[in-house]
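Report on one structure; see the data block that follows.
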Amino acid sequence: MGAIFSCIEGNEHIPRIAHQNGMKTLVGAWLGNDLEKNEIEIEALIALANEGCVTIAAVGNEVMYRNDLTEDQLLDYIQRVKEALPNIPVGYVDAYYEFSHRPRITEACDVILTNCYPYWEGCPIEYAFHHMKSMFESAKQAGNGKRVIITETGWPSQGGSLKGAVASNENAMKYFIDTQNWSEQNDIEIFYFSSFDESWKVGPEGEVGAYWGLWDKNEELKYQEKKKNPIFYTIC
């Protein structure tokens, strides 16, 4: 399964190509404080779904975390997409704790789409995998039986540290292997962040933002082994 979190500015072609190649897709409308742009994103998401290119629809990504919209505004968008796409699961992507803090949003979602990043909470690598599992369990408990997908998790290979969390090749590979094995053994659906290093992310996230990929910016695999898993996905 592939994931994309915007439906405009060329991003709309990704789910079309994925669909043509038989892939399932999680397709998101990127929402922010620009209401006119939000309208374009929502309409584009609905159009892609009507083309048959959307397996799961995500209405917004970390909108509450960024305080870009009010809860009521987000709920209106979610309800609008649910009414337009009654046969497609609709969810919202955000940090794991938002789903327990905002029960109205959780109730509105057909599927819980949770981001789990021990690194960004300064968690040392020796505790990171267990912390990620507790994040997942928090979202799962809030969902009260709903399907839960980890839409983002990962570890950077370089770029410094945050409190006790250290970015390194060794730590990134350990986190990847632990997470992937857990996913496979327990049928946990995960999108791993990320496929490729993204140089542009040094602005919003600092140097570490550029080094979350399993492949580097030149599309060279950083590590020697890569294990396939049918329910373990990467975000492009």
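We name chains A, B, ... following the order of the structure tokens; residues begin at 1 in each chain, and ligands are numbered from 1 as shown.
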Env of segment 84-89 of chain A: 9 Å cut, atoms = only C-alpha atoms, seq-sep filter 5 positions within chain, self excluded. Answer as an MDAnalysis selection string. chainID A and resid 46 49:50 54:58 79 109:111
Would you give me, as number ranges by chain, the residues in segment 25-234 of chain A that DSSP reads as strand (DSSP E)? A: 25-29, 56-61, 90-95, 111-115, 147-153, 161-162, 165-166, 189-192, 232-234
Output N, CA, C and O atoms for every residue in the selection just made, as a short mmCIF file (atom, residue, chain, number, x, y, z; two decimals), in the first residue's frame.
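Once written, part_24.cif looks like this:
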data_model
loop_
_atom_site.label_atom_id
_atom_site.label_comp_id
_atom_site.auth_asym_id
_atom_site.auth_seq_id
_atom_site.Cartn_x
_atom_site.Cartn_y
_atom_site.Cartn_z
N THR A 25 -4.09 2.27 -1.88
CA THR A 25 -3.58 3.60 -1.56
C THR A 25 -4.28 4.20 -0.35
O THR A 25 -5.49 4.05 -0.17
N LEU A 26 -3.49 4.89 0.47
CA LEU A 26 -4.02 5.79 1.49
C LEU A 26 -3.77 7.20 0.97
O LEU A 26 -2.62 7.60 0.82
N VAL A 27 -4.84 7.91 0.66
CA VAL A 27 -4.73 9.22 0.01
C VAL A 27 -5.29 10.29 0.93
O VAL A 27 -6.42 10.17 1.42
N GLY A 28 -4.51 11.33 1.17
CA GLY A 28 -4.92 12.37 2.08
C GLY A 28 -5.08 13.73 1.44
O GLY A 28 -4.34 14.09 0.52
N ALA A 29 -6.05 14.49 1.93
CA ALA A 29 -6.18 15.90 1.60
C ALA A 29 -5.37 16.69 2.63
O ALA A 29 -5.61 16.56 3.83
N ILE A 56 -8.15 4.15 1.24
CA ILE A 56 -8.48 4.81 2.50
C ILE A 56 -8.30 6.31 2.28
O ILE A 56 -7.30 6.75 1.70
N ALA A 57 -9.24 7.10 2.74
CA ALA A 57 -9.16 8.56 2.60
C ALA A 57 -8.78 9.19 3.94
O ALA A 57 -9.40 8.91 4.96
N ALA A 58 -7.75 10.03 3.92
CA ALA A 58 -7.30 10.74 5.12
C ALA A 58 -7.63 12.22 4.97
O ALA A 58 -7.20 12.86 4.00
N VAL A 59 -8.37 12.74 5.91
CA VAL A 59 -8.79 14.15 5.85
C VAL A 59 -7.93 14.94 6.82
O VAL A 59 -8.22 15.07 8.01
N GLY A 60 -6.80 15.44 6.31
CA GLY A 60 -5.90 16.25 7.13
C GLY A 60 -4.82 15.42 7.80
O GLY A 60 -4.99 14.22 8.07
N ASN A 61 -3.68 16.07 8.05
CA ASN A 61 -2.53 15.46 8.70
C ASN A 61 -1.96 16.43 9.72
O ASN A 61 -1.45 17.49 9.37
N VAL A 90 -12.80 6.46 6.02
CA VAL A 90 -12.29 7.83 6.14
C VAL A 90 -11.68 8.01 7.52
O VAL A 90 -12.28 7.62 8.54
N GLY A 91 -10.49 8.60 7.57
CA GLY A 91 -9.83 8.85 8.86
C GLY A 91 -9.11 10.17 8.86
O GLY A 91 -9.20 10.96 7.91
N TYR A 92 -8.41 10.41 9.95
CA TYR A 92 -7.63 11.63 10.14
C TYR A 92 -6.29 11.24 10.74
O TYR A 92 -6.22 10.37 11.61
N VAL A 93 -5.22 11.88 10.27
CA VAL A 93 -3.86 11.55 10.71
C VAL A 93 -3.38 12.55 11.76
O VAL A 93 -3.43 13.77 11.52
N ASP A 94 -2.92 12.04 12.89
CA ASP A 94 -2.30 12.93 13.88
C ASP A 94 -1.51 12.11 14.89
O ASP A 94 -1.51 10.88 14.86
N ALA A 95 -0.82 12.83 15.77
CA ALA A 95 -0.05 12.19 16.83
C ALA A 95 -0.97 11.32 17.68
O ALA A 95 -2.15 11.64 17.89
N VAL A 111 -11.40 4.89 10.62
CA VAL A 111 -10.12 4.25 10.89
C VAL A 111 -9.21 5.26 11.58
O VAL A 111 -9.22 6.46 11.24
N ILE A 112 -8.45 4.82 12.57
CA ILE A 112 -7.56 5.68 13.33
C ILE A 112 -6.18 5.66 12.66
O ILE A 112 -5.56 4.60 12.53
N LEU A 113 -5.71 6.82 12.24
CA LEU A 113 -4.44 6.95 11.51
C LEU A 113 -3.47 7.72 12.40
O LEU A 113 -3.55 8.95 12.51
N THR A 114 -2.56 7.00 13.04
CA THR A 114 -1.76 7.60 14.11
C THR A 114 -0.28 7.67 13.77
O THR A 114 0.30 6.74 13.21
N ASN A 115 0.34 8.80 14.11
CA ASN A 115 1.78 8.99 13.96
C ASN A 115 2.46 8.72 15.30
O ASN A 115 2.03 9.25 16.33
N ARG A 147 -10.23 0.00 13.48
CA ARG A 147 -8.96 -0.31 12.83
C ARG A 147 -7.96 0.82 13.09
O ARG A 147 -8.30 2.00 12.98
N VAL A 148 -6.75 0.44 13.46
CA VAL A 148 -5.70 1.43 13.74
C VAL A 148 -4.52 1.15 12.83
O VAL A 148 -4.03 0.02 12.75
N ILE A 149 -4.06 2.18 12.13
CA ILE A 149 -2.89 2.10 11.28
C ILE A 149 -1.87 3.12 11.76
O ILE A 149 -2.21 4.28 11.98
N ILE A 150 -0.63 2.68 11.95
CA ILE A 150 0.44 3.64 12.24
C ILE A 150 0.84 4.26 10.90
O ILE A 150 1.42 3.60 10.05
N THR A 151 0.48 5.50 10.71
CA THR A 151 0.69 6.16 9.43
C THR A 151 2.09 6.74 9.29
O THR A 151 2.54 6.99 8.16
N GLU A 152 2.78 6.96 10.39
CA GLU A 152 4.17 7.40 10.33
C GLU A 152 4.90 6.91 11.57
O GLU A 152 4.42 7.07 12.69
N THR A 153 6.06 6.31 11.36
CA THR A 153 7.03 6.07 12.42
C THR A 153 8.38 5.84 11.76
O THR A 153 8.45 5.42 10.61
N SER A 161 20.98 14.91 17.85
CA SER A 161 20.20 14.23 18.88
C SER A 161 19.15 15.17 19.45
O SER A 161 19.22 16.39 19.29
N LEU A 162 18.17 14.56 20.11
CA LEU A 162 17.13 15.30 20.81
C LEU A 162 17.00 14.67 22.19
O LEU A 162 16.52 13.54 22.31
N ALA A 165 17.51 10.88 22.53
CA ALA A 165 17.36 10.23 21.24
C ALA A 165 18.51 10.65 20.32
O ALA A 165 18.70 11.83 20.06
N VAL A 166 19.27 9.67 19.83
CA VAL A 166 20.45 9.94 19.01
C VAL A 166 20.21 9.41 17.59
O VAL A 166 19.85 8.25 17.41
N GLU A 189 -0.51 -2.84 11.00
CA GLU A 189 -0.32 -2.11 9.75
C GLU A 189 0.49 -0.83 10.02
O GLU A 189 0.10 -0.01 10.85
N ILE A 190 1.59 -0.68 9.29
CA ILE A 190 2.50 0.44 9.52
C ILE A 190 2.96 1.02 8.18
O ILE A 190 3.33 0.28 7.27
N PHE A 191 2.97 2.33 8.11
CA PHE A 191 3.69 3.05 7.06
C PHE A 191 4.98 3.55 7.69
O PHE A 191 4.95 4.35 8.64
N TYR A 192 6.09 3.08 7.16
CA TYR A 192 7.37 3.50 7.73
C TYR A 192 7.83 4.80 7.08
O TYR A 192 7.79 4.95 5.86
N PHE A 232 3.72 -3.98 5.76
CA PHE A 232 4.65 -2.96 6.23
C PHE A 232 4.96 -2.05 5.05
O PHE A 232 5.51 -2.47 4.05
N TYR A 233 4.54 -0.79 5.14
CA TYR A 233 4.60 0.11 4.01
C TYR A 233 5.61 1.23 4.26
O TYR A 233 5.99 1.50 5.39
N THR A 234 6.02 1.91 3.21
CA THR A 234 6.84 3.10 3.35
C THR A 234 6.17 4.27 2.68
O THR A 234 5.43 4.11 1.70
#
Need the shell around Lys37 of chain A: protein/DNA/RNA residues with any atom at most 12 Å away, counting only C-alpha atoms. Skip same-chain ones fewer than 5 positions apart. Format as JSON, numbers by chain? {"A": [6, 7, 8, 9, 29, 30, 31, 32, 42, 43, 44]}
Please, could you write that set of residues out with C-alpha atoms as a short mmCIF file (atom, residue, chain, number, x, y, z; two decimals), in the first residue's frame?
data_model
loop_
_atom_site.label_atom_id
_atom_site.label_comp_id
_atom_site.auth_asym_id
_atom_site.auth_seq_id
_atom_site.Cartn_x
_atom_site.Cartn_y
_atom_site.Cartn_z
CA SER A 6 -1.83 15.86 -0.66
CA CYS A 7 -4.08 15.71 -3.73
CA ILE A 8 -2.91 18.78 -5.69
CA GLU A 9 0.21 20.32 -7.27
CA ALA A 29 -6.18 15.90 1.60
CA TRP A 30 -3.60 18.29 3.09
CA LEU A 31 -5.44 20.81 5.27
CA GLY A 32 -4.10 24.02 6.75
CA ILE A 42 -11.03 18.16 -0.45
CA GLU A 43 -12.56 18.26 -3.93
CA ALA A 44 -9.45 16.62 -5.40
#
Closest of A:Glu71, A:Asp76, A:Asp216, A:Glu98 to Ser199 of chain A - atom-to-atom distances counting only C-alpha atoms: A:Asp216
Within 10 Å of Tyr117 of chain A, counting only C-alpha atoms, which residues show up once you throw out same-chain ones fewer than 2 positions away? Write them as a PyMOL selection string, please. chain A and resi 95-96+114-115+119-123+128-129+131-132+135+152-155+193
Counting only C-alpha atoms, what is within 8 Å of segment 211-214 of chain A, bar same-chain residues fewer than 5 positions away, as a ChimeraX atom specification? /A:154-159,193-199,221-223
Shortest interatomic distance to Asp178 of chain A - which of A:Glu126, A:Glu62, A:Glu39, A:Asp72, counting only C-alpha atoms: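 When distances to Asp178 of chain A are compared using only C-alpha atoms, the smallest one comes from A:Glu126.
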Could you tell me which of A:Ile14, A:Ala172, A:Met1, A:Ile105 comes closest to Pro124 of chain A if we count only C-alpha atoms?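 Of A:Ile14, A:Ala172, A:Met1, A:Ile105, the one nearest Pro124 of chain A, counting only C-alpha atoms, is A:Ala172.
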Counting only C-alpha atoms, the option among A:Leu48, A:Trp182, A:Met173, A:Pro118 closest to Asn11 of chain A: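 Looking only at the distances to Asn11 of chain A, the closest residue turns out to be A:Leu48.
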Out of A:Ser183, A:Ala167, A:Val202, A:Tyr97, which residue has the shortest atom-to-atom distance to Ser134 of chain A when counting only C-alpha atoms?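 Closest residue, counting only C-alpha atoms: A:Tyr97.
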A:Ile17, A:Ile177, A:Ala142, A:Ile188 ranked by distance to Gly52 of chain A, top pick (using only C-alpha atoms): A:Ile17
Rounded to one decimal place, report the atom CA of Glu205 of chain A-atom CA of Asn67 of chain A distance in Å. 17.4 Å
Can you check which residues of segment 62-138 of chain A DSSP gives as helix (DSSP H, G or I) on the backbone and send them as a VMD selection string? chain A and resid 63 to 66 71 to 84 98 to 101 103 to 108 119 to 121 125 to 138
Could you take the residues named above and write them with N, CA and C atoms, as a short mmCIF file (atom, residue, chain, number, x, y, z; two decimals), in the first residue's frame?
data_model
loop_
_atom_site.label_atom_id
_atom_site.label_comp_id
_atom_site.auth_asym_id
_atom_site.auth_seq_id
_atom_site.Cartn_x
_atom_site.Cartn_y
_atom_site.Cartn_z
N VAL A 63 -3.34 18.45 11.73
CA VAL A 63 -3.99 19.77 11.75
C VAL A 63 -4.18 20.26 13.18
N MET A 64 -4.57 19.37 14.08
CA MET A 64 -4.76 19.75 15.48
C MET A 64 -3.41 20.04 16.14
N TYR A 65 -2.41 19.23 15.82
CA TYR A 65 -1.06 19.44 16.37
C TYR A 65 -0.53 20.83 16.00
N ARG A 66 -0.79 21.27 14.77
CA ARG A 66 -0.30 22.57 14.30
C ARG A 66 -1.23 23.71 14.66
N GLU A 71 -11.38 22.33 15.97
CA GLU A 71 -11.89 20.97 15.94
C GLU A 71 -13.18 20.89 15.11
N ASP A 72 -14.05 21.89 15.26
CA ASP A 72 -15.30 21.90 14.51
C ASP A 72 -15.06 22.01 13.01
N GLN A 73 -14.09 22.82 12.62
CA GLN A 73 -13.77 22.92 11.19
C GLN A 73 -13.30 21.58 10.63
N LEU A 74 -12.41 20.92 11.36
CA LEU A 74 -11.92 19.63 10.90
C LEU A 74 -13.05 18.62 10.83
N LEU A 75 -13.91 18.60 11.82
CA LEU A 75 -15.03 17.66 11.82
C LEU A 75 -15.95 17.89 10.63
N ASP A 76 -16.14 19.14 10.25
CA ASP A 76 -16.95 19.44 9.07
C ASP A 76 -16.34 18.84 7.81
N TYR A 77 -15.02 18.97 7.68
CA TYR A 77 -14.35 18.39 6.51
C TYR A 77 -14.47 16.87 6.51
N ILE A 78 -14.26 16.25 7.67
CA ILE A 78 -14.37 14.78 7.76
C ILE A 78 -15.77 14.32 7.38
N GLN A 79 -16.77 14.99 7.92
CA GLN A 79 -18.15 14.60 7.63
C GLN A 79 -18.48 14.78 6.16
N ARG A 80 -17.97 15.85 5.58
CA ARG A 80 -18.22 16.11 4.16
C ARG A 80 -17.65 14.98 3.29
N VAL A 81 -16.43 14.53 3.60
CA VAL A 81 -15.81 13.46 2.82
C VAL A 81 -16.54 12.14 3.07
N LYS A 82 -16.95 11.88 4.28
CA LYS A 82 -17.67 10.65 4.58
C LYS A 82 -18.98 10.59 3.81
N GLU A 83 -19.68 11.71 3.72
CA GLU A 83 -20.94 11.74 2.99
C GLU A 83 -20.72 11.54 1.49
N ALA A 84 -19.61 12.10 0.98
CA ALA A 84 -19.32 11.98 -0.45
C ALA A 84 -18.81 10.60 -0.82
N GLU A 98 -3.56 12.65 20.32
CA GLU A 98 -4.70 13.46 19.92
C GLU A 98 -5.99 12.65 19.92
N PHE A 99 -5.89 11.35 19.71
CA PHE A 99 -7.11 10.55 19.62
C PHE A 99 -7.74 10.28 20.98
N SER A 100 -6.96 10.35 22.03
CA SER A 100 -7.55 10.27 23.37
C SER A 100 -7.94 11.66 23.87
N HIS A 101 -7.24 12.69 23.41
CA HIS A 101 -7.56 14.06 23.83
C HIS A 101 -8.78 14.63 23.11
N PRO A 103 -12.00 13.14 21.63
CA PRO A 103 -12.89 12.00 21.35
C PRO A 103 -13.89 12.25 20.23
N ARG A 104 -14.26 13.50 19.99
CA ARG A 104 -15.21 13.76 18.90
C ARG A 104 -14.58 13.42 17.54
N ILE A 105 -13.32 13.77 17.38
CA ILE A 105 -12.63 13.44 16.14
C ILE A 105 -12.47 11.94 16.00
N THR A 106 -12.09 11.28 17.08
CA THR A 106 -11.92 9.83 17.07
C THR A 106 -13.22 9.13 16.70
N GLU A 107 -14.31 9.60 17.25
CA GLU A 107 -15.62 9.02 16.95
C GLU A 107 -15.99 9.20 15.48
N ALA A 108 -15.60 10.33 14.90
CA ALA A 108 -15.95 10.62 13.50
C ALA A 108 -15.17 9.76 12.52
N TYR A 119 11.48 9.25 18.66
CA TYR A 119 12.61 10.18 18.52
C TYR A 119 12.20 11.59 18.89
N TRP A 120 11.06 12.06 18.39
CA TRP A 120 10.63 13.43 18.64
C TRP A 120 10.22 13.67 20.09
N GLU A 121 10.11 12.60 20.87
CA GLU A 121 9.86 12.76 22.30
C GLU A 121 11.15 12.55 23.10
N ILE A 125 17.21 5.13 22.30
CA ILE A 125 16.91 4.01 21.41
C ILE A 125 16.61 2.72 22.17
N GLU A 126 17.22 2.51 23.33
CA GLU A 126 16.98 1.25 24.05
C GLU A 126 15.54 1.14 24.56
N TYR A 127 14.84 2.27 24.65
CA TYR A 127 13.44 2.26 25.09
C TYR A 127 12.47 2.61 23.97
N ALA A 128 13.00 2.98 22.81
CA ALA A 128 12.17 3.58 21.76
C ALA A 128 11.11 2.63 21.22
N PHE A 129 11.49 1.39 20.95
CA PHE A 129 10.53 0.45 20.39
C PHE A 129 9.37 0.21 21.35
N HIS A 130 9.67 0.05 22.62
CA HIS A 130 8.61 -0.18 23.61
C HIS A 130 7.75 1.07 23.77
N HIS A 131 8.36 2.24 23.65
CA HIS A 131 7.58 3.47 23.74
C HIS A 131 6.64 3.58 22.54
N MET A 132 7.14 3.22 21.35
CA MET A 132 6.28 3.26 20.18
C MET A 132 5.08 2.33 20.34
N LYS A 133 5.32 1.14 20.91
CA LYS A 133 4.21 0.22 21.14
C LYS A 133 3.19 0.81 22.10
N SER A 134 3.65 1.53 23.10
CA SER A 134 2.70 2.16 24.04
C SER A 134 1.91 3.28 23.36
N MET A 135 2.55 3.97 22.41
CA MET A 135 1.84 4.98 21.63
C MET A 135 0.71 4.34 20.83
N PHE A 136 1.05 3.23 20.17
CA PHE A 136 0.04 2.50 19.40
C PHE A 136 -1.11 2.04 20.29
N GLU A 137 -0.78 1.50 21.46
CA GLU A 137 -1.82 1.02 22.36
C GLU A 137 -2.72 2.16 22.84
N SER A 138 -2.14 3.34 23.02
CA SER A 138 -2.94 4.50 23.42
C SER A 138 -3.97 4.85 22.34
#
